[in-house]
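K.L.:
I'd like to ask you about the structure that follows.
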Amino acid sequence: MPFRVHRVSAGDAALFSSVADVFDEPIDPARLARYLDAPGHLMVVALDGDLVVGQCAGVLHHHPDKVSELYIDEVGTATSHLRQGVATAMLTELFVWGRELGCADAWLGTELDNDAANGLYRRFDGAEDTIKYYEFKL
């Protein structure tokens, strides 16, 4: 199935009216508006017609002592579009966008047993590291 990649902007809320299984939960309009209005939040989506079949979200991190970096927060592809280059195309576009905004590096984390994700990130020549991940309830 053909798809196109689109950089999401504040005026793109209508794009999210038809979304495949690419997010963890249903889209909440108030949360979507807050996300789209927040400076430093980047998202690209893959569209098959009007259907969102992929999403890749990132956050710009600015530092007082080093160049900005791009944190890749989520990558999701619809089950119907797996293994068709959707995630690769979205990550490529998000990396280009990050470079345009002055980022020198990008980083992300994934589970050790997520073979599909780890294979994808290795194809981008991502340097693997071993870290501990902590979650805190606020």
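Letters A, B, ... mark the chains of the structure tokens in the order given; residue numbers begin at 1 per chain; ligand numbers begin at 1, in order shown.
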Which residues are close to region 45-48 of chain A, i.e. within 10 Å by only C-alpha atoms, leaving aside same-chain residues fewer than 6 positions away? Reply as a ChimeraX atom specification.

P.N.:
/A:1-8,15-16,18-20,22,54-57,75-78,81,86-87,89-90,93-94

K.L.:
Output N, CA and C atoms of each residue in that selection to a file, as an mmCIF file, in the first residue's frame.

P.N.:
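See selection.cif below for the written result:
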```
data_model
loop_
_atom_site.group_PDB
_atom_site.id
_atom_site.type_symbol
_atom_site.label_atom_id
_atom_site.label_comp_id
_atom_site.auth_asym_id
_atom_site.auth_seq_id
_atom_site.Cartn_x
_atom_site.Cartn_y
_atom_site.Cartn_z
ATOM 1 N N MET A 1 0.840 -1.189 0.000
ATOM 2 C CA MET A 1 0.000 0.000 0.000
ATOM 3 C C MET A 1 0.879 1.245 0.000
ATOM 4 N N PRO A 2 0.556 2.231 -0.790
ATOM 5 C CA PRO A 2 1.361 3.451 -0.810
ATOM 6 C C PRO A 2 1.084 4.303 0.439
ATOM 7 N N PHE A 3 2.078 5.083 0.799
ATOM 8 C CA PHE A 3 1.911 6.009 1.923
ATOM 9 C C PHE A 3 2.776 7.226 1.656
ATOM 10 N N ARG A 4 2.465 8.300 2.367
ATOM 11 C CA ARG A 4 3.297 9.495 2.301
ATOM 12 C C ARG A 4 3.572 9.937 3.729
ATOM 13 N N VAL A 5 4.708 10.599 3.941
ATOM 14 C CA VAL A 5 5.104 11.080 5.269
ATOM 15 C C VAL A 5 4.833 12.570 5.339
ATOM 16 N N HIS A 6 4.277 13.006 6.461
ATOM 17 C CA HIS A 6 3.873 14.400 6.642
ATOM 18 C C HIS A 6 4.377 14.905 7.991
ATOM 19 N N ARG A 7 5.012 16.083 7.996
ATOM 20 C CA ARG A 7 5.398 16.750 9.240
ATOM 21 C C ARG A 7 4.147 17.399 9.837
ATOM 22 N N VAL A 8 3.819 17.042 11.047
ATOM 23 C CA VAL A 8 2.616 17.546 11.691
ATOM 24 C C VAL A 8 2.880 18.932 12.270
ATOM 25 N N LEU A 15 -6.078 15.708 10.858
ATOM 26 C CA LEU A 15 -5.428 14.489 10.368
ATOM 27 C C LEU A 15 -5.710 13.293 11.270
ATOM 28 N N PHE A 16 -5.974 13.560 12.540
ATOM 29 C CA PHE A 16 -6.099 12.496 13.524
ATOM 30 C C PHE A 16 -7.535 11.993 13.681
ATOM 31 N N SER A 18 -8.869 9.918 11.572
ATOM 32 C CA SER A 18 -8.858 8.539 11.091
ATOM 33 C C SER A 18 -7.469 7.955 11.317
ATOM 34 N N VAL A 19 -7.363 7.160 12.379
ATOM 35 C CA VAL A 19 -6.066 6.659 12.820
ATOM 36 C C VAL A 19 -6.122 5.142 12.979
ATOM 37 N N ALA A 20 -5.177 4.444 12.370
ATOM 38 C CA ALA A 20 -5.046 2.997 12.549
ATOM 39 C C ALA A 20 -4.409 2.730 13.921
ATOM 40 N N VAL A 22 -1.756 2.830 15.702
ATOM 41 C CA VAL A 22 -0.385 3.330 15.793
ATOM 42 C C VAL A 22 -0.084 4.014 17.129
ATOM 43 N N GLY A 54 1.054 5.473 10.540
ATOM 44 C CA GLY A 54 2.308 5.496 11.279
ATOM 45 C C GLY A 54 2.468 6.825 11.980
ATOM 46 N N GLN A 55 3.175 6.797 13.095
ATOM 47 C CA GLN A 55 3.492 8.035 13.806
ATOM 48 C C GLN A 55 4.864 7.894 14.434
ATOM 49 N N CYS A 56 5.599 8.992 14.396
ATOM 50 C CA CYS A 56 6.929 9.049 14.984
ATOM 51 C C CYS A 56 7.046 10.401 15.682
ATOM 52 N N ALA A 57 7.198 10.372 16.997
ATOM 53 C CA ALA A 57 7.203 11.599 17.800
ATOM 54 C C ALA A 57 8.572 11.819 18.416
ATOM 55 N N VAL A 75 7.640 5.438 18.125
ATOM 56 C CA VAL A 75 7.524 5.061 16.719
ATOM 57 C C VAL A 75 6.439 3.989 16.662
ATOM 58 N N GLY A 76 5.411 4.226 15.872
ATOM 59 C CA GLY A 76 4.341 3.246 15.755
ATOM 60 C C GLY A 76 3.899 3.091 14.315
ATOM 61 N N THR A 77 3.726 1.847 13.890
ATOM 62 C CA THR A 77 3.269 1.540 12.533
ATOM 63 C C THR A 77 2.046 0.642 12.626
ATOM 64 N N ALA A 78 1.054 0.922 11.798
ATOM 65 C CA ALA A 78 -0.158 0.100 11.771
ATOM 66 C C ALA A 78 0.190 -1.337 11.404
ATOM 67 N N HIS A 81 0.509 -2.181 7.855
ATOM 68 C CA HIS A 81 1.585 -1.572 7.067
ATOM 69 C C HIS A 81 2.984 -1.959 7.566
ATOM 70 N N VAL A 86 7.530 2.027 6.409
ATOM 71 C CA VAL A 86 6.874 3.163 7.059
ATOM 72 C C VAL A 86 7.748 3.738 8.175
ATOM 73 N N ALA A 87 8.192 2.907 9.100
ATOM 74 C CA ALA A 87 9.010 3.393 10.222
ATOM 75 C C ALA A 87 10.325 3.988 9.717
ATOM 76 N N ALA A 89 10.886 5.438 6.824
ATOM 77 C CA ALA A 89 10.606 6.736 6.200
ATOM 78 C C ALA A 89 10.325 7.803 7.254
ATOM 79 N N MET A 90 9.576 7.443 8.296
ATOM 80 C CA MET A 90 9.257 8.430 9.341
ATOM 81 C C MET A 90 10.502 8.829 10.126
ATOM 82 N N GLU A 93 12.676 11.157 8.078
ATOM 83 C CA GLU A 93 12.138 12.519 8.040
ATOM 84 C C GLU A 93 12.335 13.233 9.374
ATOM 85 N N LEU A 94 12.143 12.525 10.477
ATOM 86 C CA LEU A 94 12.338 13.167 11.785
ATOM 87 C C LEU A 94 13.801 13.528 11.999
#
```

K.L.:
As a PyMOL selection string, please: the residues near region 103-118 of chain A (cut-off 10 Å, only C-alpha atoms, same-chain neighbours under 6 positions excluded).

P.N.:
chain A and resi 58-62+66-76+82-83+87+94-97+126-131+133

K.L.:
Using DSSP on the backbone, list every residue of region 2-137 of chain A that comes out as strand (DSSP E or B), and give them as number ranges by chain.

P.N.:
A: 4-7, 19, 41-48, 51-61, 69-77, 105-107

K.L.:
With a distance cut-off of 7 Å and only C-alpha atoms, select the neighbouring residues of Leu36 (chain A), excluding the residue or stretch itself and same-chain residues fewer than 3 positions from it, and output the selection as a list in words.

P.N.:
Ser9, Ala10, Leu32 and Ala33 of chain A

K.L.:
Go ahead and write the selection's residues with C-alpha atoms as a CSV table (one decimal), in the first residue's frame.

P.N.:
```
chain,number,residue,atom,x,y,z
A,9,SER,CA,2.0,21.2,12.7
A,10,ALA,CA,-0.4,23.0,15.0
A,32,LEU,CA,-3.7,16.4,20.9
A,33,ALA,CA,-4.2,20.2,20.9
```

K.L.:
Which distance in Å separates CA of His63 (chain A) and CA of Arg122 (chain A), to one decimal?

P.N.:
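CA of Arg122 (chain A) lies 26.8 Å from CA of His63 (chain A).
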
K.L.:
Suppose you want the space between CA of Gly40 (chain A) and CA of Leu91 (chain A); what is it in Å?

P.N.:
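Calculated distance between CA of Gly40 (chain A) and CA of Leu91 (chain A) is 16.6 Å.
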
K.L.:
Please, what distance in Å, to one decimal, runs between CA of Gly11 (chain A) and CA of Thr88 (chain A)?

P.N.:
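Distance between the two atoms: 25.0 Å.
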
K.L.:
Return the single residue from A:Asp125, A:Pro64, A:Val53, A:Pro29 that is closest to Gly85 (chain A), with distances computed using only C-alpha atoms.

P.N.:
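The shortest atom-to-atom distance to Gly85 (chain A) comes from A:Val53.
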